[in-house]
Amino acid sequence: MTDLTKKSPERETVLTLTDVVKTFPGVRALDGVQLEVRAGEVHCLLGQNGAGKSTLIKVLSGAHRPDSGEVVWLGQPVAFANPQAAMKAGIATIYQELDLVDGLSVADNIFLAHEPRTAGFVKRGQVRRDAGEILAKLGHPEIPVRREVGKLPAAAKQIVSMGRALSREARLMIMDEPSAVLAHDEVANLFRVIRGLTEQGIAVIYISHRLDEIREIGDRVTVLKDGRTTAANLDAKTTPTTELVSRMTGRNIEYVFPPRPEEVPPTPDGAPLLVVEGLTRHGEFADVDLTVHSGEIVGITGLVGSGRSELMETIFGARRPHGGRVTVNGKGLRAGSVTAAVKAGLGMAPEERKSQALVLGESVYRNMTLANFAGYARAGFTDAAKERQAADEVAERLELRPRDVRRVVRTLSGGNQQKVVVGRWLLGGTRLLLLDEPTRGVDVGARAELYQVIRKLADSGVGVLMVSSEVPEVLGLADRVVVMREGRIVRQAPAADIDEETVLDLVMAGSLLEGSPAV
Amino acid sequence: MTDLKPATAPEQPTAAAELSKRQGWWSSDASESVRRNLGLVGVLVAIWIVGAITVPRIFLHAEQLWNNELIIFQQSAAIGVIAIGMTFVIIGGGIDLSVGALVALTSVWCTTQATQEFGPTGMVFTALLVGTVAGLVNGFLIAYGRVVAFIATLAMLVSARGLAQLISGKRTQRVNIENVAITNIAEKDFLGIPYLVWMLLVVGVIGWILLNRTTFGRRTFAVGGNPEAARLAGINLRLHTMLLYGLSGLCCGIAAIMVVAQATAGAPDHGDLYELDAIAACIIGGTALAGGRGSIVGAILGVLVFKGITNLFIVNNLEQEYQLIVKGAIIIGAVLLQQVNFSSLPQLRKSPT
Amino acid sequence: MTDLKPATAPEQPTAAAELSKRQGWWSSDASESVRRNLGLVGVLVAIWIVGAITVPRIFLHAEQLWNNELIIFQQSAAIGVIAIGMTFVIIGGGIDLSVGALVALTSVWCTTQATQEFGPTGMVFTALLVGTVAGLVNGFLIAYGRVVAFIATLAMLVSARGLAQLISGKRTQRVNIENVAITNIAEKDFLGIPYLVWMLLVVGVIGWILLNRTTFGRRTFAVGGNPEAARLAGINLRLHTMLLYGLSGLCCGIAAIMVVAQATAGAPDHGDLYELDAIAACIIGGTALAGGRGSIVGAILGVLVFKGITNLFIVNNLEQEYQLIVKGAIIIGAVLLQQVNFSSLPQLRKSPT
Amino acid sequence: TSNDTGDDDKQAEDQTKVAAGKNAEPGKKVTIGFSAPAADHGWIAAITNNAKAQAGKYSDVTFNAVAAGKDVPEQRAALETLIQQKPDIIVLLPHDGAQMTATGRKAMDAGIPVINLDREFSDPLAYRTLVKGDNYGMGVAAGKLIGTRLKGNPNAVIAEIAGMDELPLTQDRSKGFRDALAVFGLKVGPRQAARFTVQSGQEVTANLLQAAPKIDALWNHDDDQGVGVLAAIKQANRSEFYMVGGAGSLDAMEIIKADNQPLKATVTYSPTMASSAIALARLVAQGKGMEDLVELQVPKLVILQSETITKENVDQYMPLGFRS
Ligand SMILES: Nc1ncnc2c1ncn2[C@@H]1O[C@H](COP(=O)(O)OP(=O)(O)OP(=O)(O)O)[C@@H](O)[C@H]1O
Ligand SMILES: Nc1ncnc2c1ncn2[C@@H]1O[C@H](COP(=O)(O)OP(=O)(O)OP(=O)(O)O)[C@@H](O)[C@H]1O
Ligand SMILES: [Mg+2]
Ligand SMILES: [Mg+2]
């Protein structure tokens, strides 16, 4: 086990990158990156979506090979041929896109490719025991080690992914947006784990778009822009936000929420757009009553696992409710039919972009118009030019980069993929928008823009129902806040009448697996 | 704090954007299928070169060559039509093993005495109807019965052959002399191009438009690329899946007419192993078995490659065992040749990723 | 393992943990494949019931039944062994169309006069070697040549059959009388169970252990379930893929010995369409064509179902066309029967998702 | 071509025969087990139909056919089931003679005589009597027909469309053909194998005709695939050559009779052998001999003569033709 004695503030440098370049067909993802990481520090990487952060860490972890540049690890220049080599050298990575095998159990995933074994036989008992221990150390003893990973919710997968990285001997732990799927208390737990690592002298590279996290956990910050290092080794605690943001984006961005309108404009007949009554799915949520008026933004928050995503999917018809009713614009919605929901003017940006939202092999514009390409078609014939134009407008508003709508979505950075998911429903024609964690992985600049767009949509009469685990986001953007716990609504209030502390109190600390309401 | 490079002037055109502009369309993702198809054309040229070396009498003689190519095209017609339907099914994330058996069933059904009494139109109508209905049955089992496509269409394969045997009494059913219009399809031509080839062309063009220019085609790509995403975007997954198999069945019906015309008869052993040929042609043509990606032109080129190889062997009078051995090698060679990334040729000094 | 301080979080027993305890093993993930397999056992029972009704003379008479079941098992042995290898390949995200042709090639190679001179051991050794090497060639083309598995193994199918014809001169090669030990495999038994069945059992058990208890097996799931994740976890994707096809080839070698024993000869037309049978058995047994999921026991049960159906037809003396029609229907029925979720039976009031 | 069953029955009726005489009288009741490969092809279908029809002629015969499945192991299993049922005698057309020898032997050892139909076992102890066609002789007959017409023209282009090349029977036919032609100083030019199906016949022939701009004679091994061969010839608009068929299907005979296509003759390989095999099986099981022979038992070997059908004698053969 790694055990480096803590050194004085000036700790040794474990990793130095000089002028690293990496190109993909048509894109120079890394264009001369400098980075220096010391033992026992949390080194944060900042940068807009598509700046090259994930590519950089993939170079470090042996998943990509750099075109040129030098990587010095523990004083030796290295060129990792494959991930195995990097792991052997003591670099463990938690990738942005979850790298788990759905069909294998939690324990098997954690020890994949380095199973405790005798003569090729897996020591299954030990694998399970050790996996259980690791999960316990991560604060999640409740995740069953025999459960198939594919059946876990996103947050639990993230924990397993962390468990896998921790199961390796490491002197450098790389974490690519580990907090994106985590809620408030989970992040605190993550930070506890990170501190535990740095206390042993393990270096951590931490990527996040949430500046407050970087302030809290980070020691130093390196900023990337367009594949280049624009600032290195800034102090994470003291560097002013404006400076960080301008280094990232090249301009100053007001990180503020758009103002709420004075009064919610009522629908013609004054009735709410969406009425949910007594909606129930056994084991997920129960007796949910909810309304959304047109022009209103309703934000749902709560712990991960509190059943918010399931609620959204049920309203949208992607799951069949066991009880209750959904009414849109006064008309009952056929249960369990997405087609009917879309016809009624509903749209949903689902939670998991890769599995639920994107056709990865298709271009950006075809993904953006996936839900309404028929709207651009004449007599069944599609109009690609019109689609591209519409998609391009959205891409511009959301600062998609590279702003090429013909690009295959797979080659986009995580945050840019998320923009495509949300962008799909901004194309118009939707009267009620369901957004599940719309800003996951989106950078600061684009996030502010996204808030503006959502508000403008609402102003134009669209009703928005949004789920977010970031309480400030819900409080800042939504007109009305709904707090869920264990599958039930525990509080609904106008955003102005409630503050962060109250929400967190309501949400209460709990575990990932808790929240199965006894219904 | 060491400041390396101060943030350079805001909003300078990024290197990445420039680079992508410079390389242009050729290396963009959109051109990928075109590049693949060029690879296949390269394979066809290679076949021609081998032909020119081994049988110059045919391959270097304009009229002979033309006739020979027409034969290849005619032989490719039926399987080409089937491959077009198969392309839709595979892009949509499925597979159809029953095509050969459906050709048999349809060919038999449209050549029974009872059907033949309705004349050529009746026969064509029957063929299209039987093919489509059988395809829809496949689709129903898969989409609504949730039977894996491989198994559902395998079951259809088995049953349809049995039914074809039952209907025909295991006999070859010749086309009556009154229905010569049917057999004429394989004998007559229009503007020097045989009807069979026209049919392939027409089905190909319609298929191409349907796949690449209509909402139906868009849905097909989405359904195969990510079914869950397609569903959540409001596409009726099941209905669409069912229609895809119906379309494949319709193509089998068309192919059955072509086969009946060529063989001058319907028979329960028609279309033997067509499923393998059609799927292989699709895959060689760049259609991904996993779904979500594929090309009509590629599928037709794939069929031409396979039939071109067969033709090359026959005009060379090669013995069967050598035909087989060499055919396997050529298939591999064709695929490898296709992988040569033409766009990267001028940049070979750049190390590949 | 990187050391960590234990979590300070209070270890309160969570609701979910309780929940999972309450539901118990039956509805836990581990039991899913068991439930599928139970479905298949149900299908086998159904076959037996139909047999008991239609041919009570055999199916209700203990000794006759036992003999009949032994015949079904013997018929299943070779294809069962192949299905075991196929299960590995499919779980690993691939497909092997060449199995039937490899059986032919191997059977011919191990029965040439030259080989037979080395006696039974030499023949067995040759069979295993030829099968494995041919499988590794498949694997090499797929893993290192990046040829799609469908195409690579299709090419191997074609070439291997040609090679088998070439080697044998298209003749059936009988096993010499000195090598009666080989043909005995299909004739003798041990403890009342024929050798063939023992072989299937042994290969099955070894396969099961390899798949479920060794690192090789666990990694196979990862390679097929999420290749990118497997690569990032440090698995040598290419090597592993190549080995999977080698394993399938080895199984073909074993199956070839069994087929040679049954047919008392090697021949270039052995193993015709075994690929379809084996793949179908795997899929019916719960192996997902997309990879990452599958079961050895399921594959063997799948083979037994198919052979059981065939046997039922034979003892009923059904004519071929009816056999085929009914077989298709039974396959669909079997799959639908399997979908009945046994664990959910007591909870039917809960509507399914 | 009609497909109603009445036609079937009539045809089979034509192809069966009960000789008048003492042997025709009902004797000891016998059960005849029968197994032939699954029929998906006119000739095999005729074999099964003829056997059934012949058995139906005898009041003292119980006919028990078992489907033989698609390959040797399946046929073996089917026979094992049959042997368990202990019929008096078995008539067996194996998928492959060599591979089914052991099974034939097993039945014989179990005291059940086996009539080996057409595809010969490699061990004479495995059958009681062998009834087969003459594949080599068929090739010779075709070769003689063509050779006689083309002798003195050593550059004549003679094409051959074979059946499934991997079957020994195809190889025997081709060898007979080559040997007979050699007598006339001729040899085979373009030669391709089809798969006994109409479609394969059409495809192979279309390509072959394209490759050979002029041919003088063509032998097609099998009249079933001949439907496709003739279609391809018509589609290519060719008629400059003399064509001989094989097996002797009704379609082929009708064309020979009409005399308006290149097909002018066919050499038989008659499925009536199944009828004869059943007749012999009954005699063997009842311990009788053949009345016209002196011996008291049925002989061990019966090889059918491959007969040549041309326009001159086609009427006589029409009743023996089978529908492809
Ligand atoms: N496999 C690939 N093929 C082509 N282009 C790629 C590939 N992977 C990444 N890129 C491109 O490289 C650039 C950098 O992407 P990267 O994923 O490193 O961004 P990032 O900084 O991690 O962004 P985010 O914050 O959104 O995760 C992007 O323009 C992206 O489109
Ligand atoms: N680890 C787990 N294993 C099994 N079931 C779980 C687990 N975690 C949550 N669940 C179930 O899923 C339900 C909702 O989970 P889900 O994560 O979708 O909720 P959410 O509020 O949308 O959270 P998220 O922020 O992750 O989207 C819970 O009520 C619980 O029954
Ligand atoms: Mg990233
Ligand atoms: Mg959620």
# chains A, B, ... in the order shown; residues from 1 in each chain; ligands from 1

call {"tool": "select_by_dssp", "arguments": {"residues": "stretch 107-302 of chain C", "states": "strand (DSSP E)", "output": "PyMOL selection string"}}
result
chain C and resi 173-174+189-190+193-194+265-266

call {"tool": "interface_residues", "arguments": {"of": "chain A", "to": "chain B", "cutoff": "6 Å", "atoms": "only C-alpha atoms", "output": "PDB file with all heavy atoms, in the first residue's frame"}}
result
ATOM      1  N   GLY A  26      -9.507  16.244 -37.556  1.00  0.00           N
ATOM      2  CA  GLY A  26     -10.258  17.489 -37.596  1.00  0.00           C
ATOM      3  C   GLY A  26     -10.191  18.342 -36.350  1.00  0.00           C
ATOM      4  O   GLY A  26     -10.678  19.456 -36.334  1.00  0.00           O
ATOM      5  N   VAL A  27      -9.606  17.826 -35.275  1.00  0.00           N
ATOM      6  CA  VAL A  27      -9.566  18.604 -34.036  1.00  0.00           C
ATOM      7  C   VAL A  27      -8.202  18.471 -33.361  1.00  0.00           C
ATOM      8  O   VAL A  27      -7.660  17.371 -33.259  1.00  0.00           O
ATOM      9  CB  VAL A  27     -10.647  18.124 -33.040  1.00  0.00           C
ATOM     10  CG1 VAL A  27     -10.472  18.820 -31.709  1.00  0.00           C
ATOM     11  CG2 VAL A  27     -12.023  18.406 -33.579  1.00  0.00           C
ATOM     12  N   ARG A  28      -7.690  19.591 -32.931  1.00  0.00           N
ATOM     13  CA  ARG A  28      -6.491  19.554 -32.118  1.00  0.00           C
ATOM     14  C   ARG A  28      -6.943  19.661 -30.676  1.00  0.00           C
ATOM     15  O   ARG A  28      -7.157  20.761 -30.167  1.00  0.00           O
ATOM     16  CB  ARG A  28      -5.613  20.743 -32.502  1.00  0.00           C
ATOM     17  CG  ARG A  28      -4.147  20.491 -32.418  1.00  0.00           C
ATOM     18  CD  ARG A  28      -3.379  21.672 -33.020  1.00  0.00           C
ATOM     19  NE  ARG A  28      -1.946  21.486 -32.824  1.00  0.00           N
ATOM     20  CZ  ARG A  28      -1.181  20.848 -33.696  1.00  0.00           C
ATOM     21  NH1 ARG A  28      -1.685  20.361 -34.801  1.00  0.00           N
ATOM     22  NH2 ARG A  28       0.109  20.710 -33.447  1.00  0.00           N
ATOM     23  N   THR A 230      -3.587  27.984 -20.121  1.00  0.00           N
ATOM     24  CA  THR A 230      -3.594  29.448 -20.109  1.00  0.00           C
ATOM     25  C   THR A 230      -3.182  29.989 -18.756  1.00  0.00           C
ATOM     26  O   THR A 230      -2.853  31.161 -18.629  1.00  0.00           O
ATOM     27  CB  THR A 230      -4.980  29.993 -20.461  1.00  0.00           C
ATOM     28  OG1 THR A 230      -5.930  29.363 -19.622  1.00  0.00           O
ATOM     29  CG2 THR A 230      -5.309  29.717 -21.914  1.00  0.00           C
ATOM     30  N   ALA A 231      -3.200  29.154 -17.756  1.00  0.00           N
ATOM     31  CA  ALA A 231      -2.698  29.565 -16.457  1.00  0.00           C
ATOM     32  C   ALA A 231      -2.366  28.308 -15.683  1.00  0.00           C
ATOM     33  O   ALA A 231      -3.109  27.331 -15.753  1.00  0.00           O
ATOM     34  CB  ALA A 231      -3.745  30.376 -15.709  1.00  0.00           C
ATOM     35  N   ALA A 232      -1.246  28.335 -14.975  1.00  0.00           N
ATOM     36  CA  ALA A 232      -0.882  27.128 -14.260  1.00  0.00           C
ATOM     37  C   ALA A 232      -0.631  27.450 -12.796  1.00  0.00           C
ATOM     38  O   ALA A 232      -0.164  28.538 -12.453  1.00  0.00           O
ATOM     39  CB  ALA A 232       0.372  26.504 -14.887  1.00  0.00           C
ATOM     40  N   ASN A 233      -0.970  26.508 -11.971  1.00  0.00           N
ATOM     41  CA  ASN A 233      -0.629  26.560 -10.561  1.00  0.00           C
ATOM     42  C   ASN A 233      -1.138  27.802  -9.849  1.00  0.00           C
ATOM     43  O   ASN A 233      -0.454  28.380  -9.029  1.00  0.00           O
ATOM     44  CB  ASN A 233       0.885  26.438 -10.379  1.00  0.00           C
ATOM     45  CG  ASN A 233       1.409  25.218 -11.098  1.00  0.00           C
ATOM     46  OD1 ASN A 233       0.673  24.246 -11.277  1.00  0.00           O
ATOM     47  ND2 ASN A 233       2.656  25.259 -11.524  1.00  0.00           N
ATOM     48  N   LEU A 234      -2.336  28.226 -10.184  1.00  0.00           N
ATOM     49  CA  LEU A 234      -2.964  29.300  -9.423  1.00  0.00           C
ATOM     50  C   LEU A 234      -3.352  28.735  -8.068  1.00  0.00           C
ATOM     51  O   LEU A 234      -3.593  27.532  -7.922  1.00  0.00           O
ATOM     52  CB  LEU A 234      -4.213  29.787 -10.152  1.00  0.00           C
ATOM     53  CG  LEU A 234      -4.034  30.252 -11.598  1.00  0.00           C
ATOM     54  CD1 LEU A 234      -5.387  30.524 -12.224  1.00  0.00           C
ATOM     55  CD2 LEU A 234      -3.148  31.473 -11.632  1.00  0.00           C
ATOM     56  N   ARG A 247      -9.694  33.421 -17.566  1.00  0.00           N
ATOM     57  CA  ARG A 247      -8.657  32.534 -18.137  1.00  0.00           C
ATOM     58  C   ARG A 247      -9.293  31.367 -18.914  1.00  0.00           C
ATOM     59  O   ARG A 247      -8.755  30.899 -19.903  1.00  0.00           O
ATOM     60  CB  ARG A 247      -7.807  31.921 -17.023  1.00  0.00           C
ATOM     61  CG  ARG A 247      -7.065  32.910 -16.191  1.00  0.00           C
ATOM     62  CD  ARG A 247      -5.730  33.221 -16.806  1.00  0.00           C
ATOM     63  NE  ARG A 247      -5.044  34.232 -16.023  1.00  0.00           N
ATOM     64  CZ  ARG A 247      -3.752  34.501 -16.127  1.00  0.00           C
ATOM     65  NH1 ARG A 247      -3.017  33.838 -17.003  1.00  0.00           N
ATOM     66  NH2 ARG A 247      -3.199  35.425 -15.386  1.00  0.00           N
ATOM     67  N   GLY A 250     -11.817  33.546 -21.715  1.00  0.00           N
ATOM     68  CA  GLY A 250     -11.321  34.688 -22.457  1.00  0.00           C
ATOM     69  C   GLY A 250     -12.225  35.894 -22.307  1.00  0.00           C
ATOM     70  O   GLY A 250     -12.072  36.889 -22.996  1.00  0.00           O
ATOM     71  N   VAL A 338     -44.956   7.267 -24.475  1.00  0.00           N
ATOM     72  CA  VAL A 338     -44.146   8.442 -24.762  1.00  0.00           C
ATOM     73  C   VAL A 338     -44.693   9.149 -25.992  1.00  0.00           C
ATOM     74  O   VAL A 338     -44.737  10.379 -26.049  1.00  0.00           O
ATOM     75  CB  VAL A 338     -42.681   8.024 -25.002  1.00  0.00           C
ATOM     76  CG1 VAL A 338     -41.863   9.230 -25.421  1.00  0.00           C
ATOM     77  CG2 VAL A 338     -42.093   7.410 -23.757  1.00  0.00           C
ATOM     78  N   THR A 339     -45.114   8.346 -26.958  1.00  0.00           N
ATOM     79  CA  THR A 339     -45.622   8.933 -28.197  1.00  0.00           C
ATOM     80  C   THR A 339     -46.781   9.874 -27.892  1.00  0.00           C
ATOM     81  O   THR A 339     -46.854  10.981 -28.422  1.00  0.00           O
ATOM     82  CB  THR A 339     -46.092   7.816 -29.139  1.00  0.00           C
ATOM     83  OG1 THR A 339     -45.254   6.674 -28.945  1.00  0.00           O
ATOM     84  CG2 THR A 339     -46.001   8.256 -30.566  1.00  0.00           C
ATOM     85  N   VAL A 342     -45.446  13.090 -26.251  1.00  0.00           N
ATOM     86  CA  VAL A 342     -44.822  14.010 -27.193  1.00  0.00           C
ATOM     87  C   VAL A 342     -45.890  14.696 -28.036  1.00  0.00           C
ATOM     88  O   VAL A 342     -45.821  15.898 -28.307  1.00  0.00           O
ATOM     89  CB  VAL A 342     -43.808  13.261 -28.085  1.00  0.00           C
ATOM     90  CG1 VAL A 342     -43.301  14.170 -29.196  1.00  0.00           C
ATOM     91  CG2 VAL A 342     -42.637  12.767 -27.254  1.00  0.00           C
ATOM     92  N   GLN A 356     -29.669   7.190 -22.610  1.00  0.00           N
ATOM     93  CA  GLN A 356     -31.076   7.528 -22.798  1.00  0.00           C
ATOM     94  C   GLN A 356     -31.339   8.600 -23.845  1.00  0.00           C
ATOM     95  O   GLN A 356     -32.453   8.749 -24.306  1.00  0.00           O
ATOM     96  CB  GLN A 356     -31.668   8.025 -21.472  1.00  0.00           C
ATOM     97  CG  GLN A 356     -31.712   6.972 -20.402  1.00  0.00           C
ATOM     98  CD  GLN A 356     -32.426   7.502 -19.191  1.00  0.00           C
ATOM     99  OE1 GLN A 356     -31.958   8.445 -18.565  1.00  0.00           O
ATOM    100  NE2 GLN A 356     -33.555   6.917 -18.867  1.00  0.00           N
ATOM    101  N   ALA A 357     -30.315   9.362 -24.172  1.00  0.00           N
ATOM    102  CA  ALA A 357     -30.637  10.548 -24.958  1.00  0.00           C
ATOM    103  C   ALA A 357     -29.969  10.619 -26.324  1.00  0.00           C
ATOM    104  O   ALA A 357     -30.543  11.130 -27.260  1.00  0.00           O
ATOM    105  CB  ALA A 357     -30.289  11.802 -24.159  1.00  0.00           C
ATOM    106  N   LEU A 358     -28.761  10.142 -26.433  1.00  0.00           N
ATOM    107  CA  LEU A 358     -28.009  10.424 -27.648  1.00  0.00           C
ATOM    108  C   LEU A 358     -27.866   9.206 -28.544  1.00  0.00           C
ATOM    109  O   LEU A 358     -27.687   8.088 -28.066  1.00  0.00           O
ATOM    110  CB  LEU A 358     -26.614  10.940 -27.288  1.00  0.00           C
ATOM    111  CG  LEU A 358     -26.591  12.303 -26.600  1.00  0.00           C
ATOM    112  CD1 LEU A 358     -25.197  12.617 -26.112  1.00  0.00           C
ATOM    113  CD2 LEU A 358     -27.092  13.382 -27.544  1.00  0.00           C
ATOM    114  N   VAL A 359     -27.958   9.444 -29.837  1.00  0.00           N
ATOM    115  CA  VAL A 359     -27.550   8.428 -30.796  1.00  0.00           C
ATOM    116  C   VAL A 359     -26.101   8.767 -31.119  1.00  0.00           C
ATOM    117  O   VAL A 359     -25.816   9.638 -31.924  1.00  0.00           O
ATOM    118  CB  VAL A 359     -28.422   8.469 -32.061  1.00  0.00           C
ATOM    119  CG1 VAL A 359     -28.056   7.332 -32.984  1.00  0.00           C
ATOM    120  CG2 VAL A 359     -29.895   8.398 -31.689  1.00  0.00           C
ATOM    121  N   ALA A 371     -36.238  14.655 -32.011  1.00  0.00           N
ATOM    122  CA  ALA A 371     -37.632  14.613 -31.574  1.00  0.00           C
ATOM    123  C   ALA A 371     -38.555  15.333 -32.533  1.00  0.00           C
ATOM    124  O   ALA A 371     -39.756  15.129 -32.498  1.00  0.00           O
ATOM    125  CB  ALA A 371     -37.762  15.214 -30.183  1.00  0.00           C
ATOM    126  N   GLY A 380     -43.232  13.911 -45.573  1.00  0.00           N
ATOM    127  CA  GLY A 380     -42.395  12.762 -45.234  1.00  0.00           C
ATOM    128  C   GLY A 380     -40.960  12.874 -45.690  1.00  0.00           C
ATOM    129  O   GLY A 380     -40.130  12.051 -45.320  1.00  0.00           O
ATOM    130  N   PHE A 381     -40.656  13.892 -46.478  1.00  0.00           N
ATOM    131  CA  PHE A 381     -39.261  14.061 -46.907  1.00  0.00           C
ATOM    132  C   PHE A 381     -38.554  15.048 -45.988  1.00  0.00           C
ATOM    133  O   PHE A 381     -39.020  16.164 -45.775  1.00  0.00           O
ATOM    134  CB  PHE A 381     -39.200  14.551 -48.360  1.00  0.00           C
ATOM    135  CG  PHE A 381     -39.578  13.492 -49.341  1.00  0.00           C
ATOM    136  CD1 PHE A 381     -40.897  13.337 -49.740  1.00  0.00           C
ATOM    137  CD2 PHE A 381     -38.617  12.621 -49.836  1.00  0.00           C
ATOM    138  CE1 PHE A 381     -41.241  12.335 -50.617  1.00  0.00           C
ATOM    139  CE2 PHE A 381     -38.968  11.624 -50.728  1.00  0.00           C
ATOM    140  CZ  PHE A 381     -40.280  11.476 -51.124  1.00  0.00           C
ATOM    141  N   THR A 382     -37.429  14.622 -45.472  1.00  0.00           N
ATOM    142  CA  THR A 382     -36.726  15.460 -44.508  1.00  0.00           C
ATOM    143  C   THR A 382     -36.002  16.594 -45.227  1.00  0.00           C
ATOM    144  O   THR A 382     -35.679  16.497 -46.408  1.00  0.00           O
ATOM    145  CB  THR A 382     -35.694  14.640 -43.722  1.00  0.00           C
ATOM    146  OG1 THR A 382     -34.890  13.915 -44.644  1.00  0.00           O
ATOM    147  CG2 THR A 382     -36.383  13.675 -42.797  1.00  0.00           C
TER     148      THR A 382
END

call {"tool": "calpha_fit_rmsd", "arguments": {"fixed": "chain B", "moving": "chain C"}}
result
5.2 Å

call {"tool": "select_by_dssp", "arguments": {"residues": "stretch 71-287 of chain B", "states": "alpha helix (DSSP H)", "output": "NGL selection string"}}
result
:B and (71-91 or 99-109 or 113-116 or 119-143 or 149-168 or 180-184 or 195-213 or 215-225 or 227-232 or 237-263 or 274-284)

call {"tool": "residues_near_ligand", "arguments": {"ligand": "ligand 4", "cutoff": "6 Å", "atoms": "only C-alpha atoms and all ligand atoms", "output": "ChimeraX atom specification"}}
result
/A:308-309,351

call {"tool": "write_last_selection", "arguments": {"atoms": "C-alpha atoms", "output": "PDB file, in the first residue's frame"}}
result
ATOM      1  CA  ARG A 308     -37.096  12.309  -9.017  1.00  0.00           C
ATOM      2  CA  SER A 309     -35.926  10.817 -12.283  1.00  0.00           C
ATOM      3  CA  GLU A 351     -30.819  11.956 -16.979  1.00  0.00           C
TER       4      GLU A 351
END

call {"tool": "interface_residues", "arguments": {"of": "chain D", "to": "chain B", "cutoff": "10 Å", "atoms": "only C-alpha atoms", "output": "number ranges by chain"}}
result
D: 1-5, 8, 39-46, 164-166, 189-194, 196-213, 224-232, 234-237, 251, 323-324

call {"tool": "residues_around", "arguments": {"residues": "B:Tyr245", "least_positions_apart": "2", "cutoff": "8 Å", "atoms": "only C-alpha atoms", "output": "list of chain:residue names"}}
result
B:Val89, B:Asp96, B:Gly135, B:Leu136, B:Asn138, B:Gly139, B:Thr241, B:Met242, B:Leu243, B:Leu247, B:Ser248, B:Gly249

call {"tool": "residues_near_ligand", "arguments": {"ligand": "ligand 3", "cutoff": "7 Å", "atoms": "only C-alpha atoms and all ligand atoms", "output": "list in words"}}
result
Asn49, Gly50, Gly52, Lys53, Ser54, Gln96, Asp176, Ser413, Gly414 and Gly415 of chain A

call {"tool": "interface_residues", "arguments": {"of": "chain C", "to": "chain B", "cutoff": "8 Å", "atoms": "only C-alpha atoms", "output": "VMD selection string"}}
result
chain C and resid 145 147 150 to 152 154 to 163 165 to 166 280 283 to 284 290 320 to 329 331 to 332 335 to 336

call {"tool": "residues_near_ligand", "arguments": {"ligand": "ligand 2", "cutoff": "8 Å", "atoms": "only C-alpha atoms and all ligand atoms", "output": "PyMOL selection string"}}
result
(chain A and resi 142-144+151-156+181-183+283-285+301-311+351+436-437+467-469+484+486-487+512-517) or (chain C and resi 16)

call {"tool": "residues_around", "arguments": {"residues": "D:Ser122", "least_positions_apart": "2", "cutoff": "10 Å", "atoms": "only C-alpha atoms", "output": "list in words"}}
result
Arg174 of chain C; Asp96, Gly97, Ala98, Gln99, Met100, Thr101, Ala102, Arg119, Glu120, Pro124, Leu125, Ala126 and Tyr127 of chain D
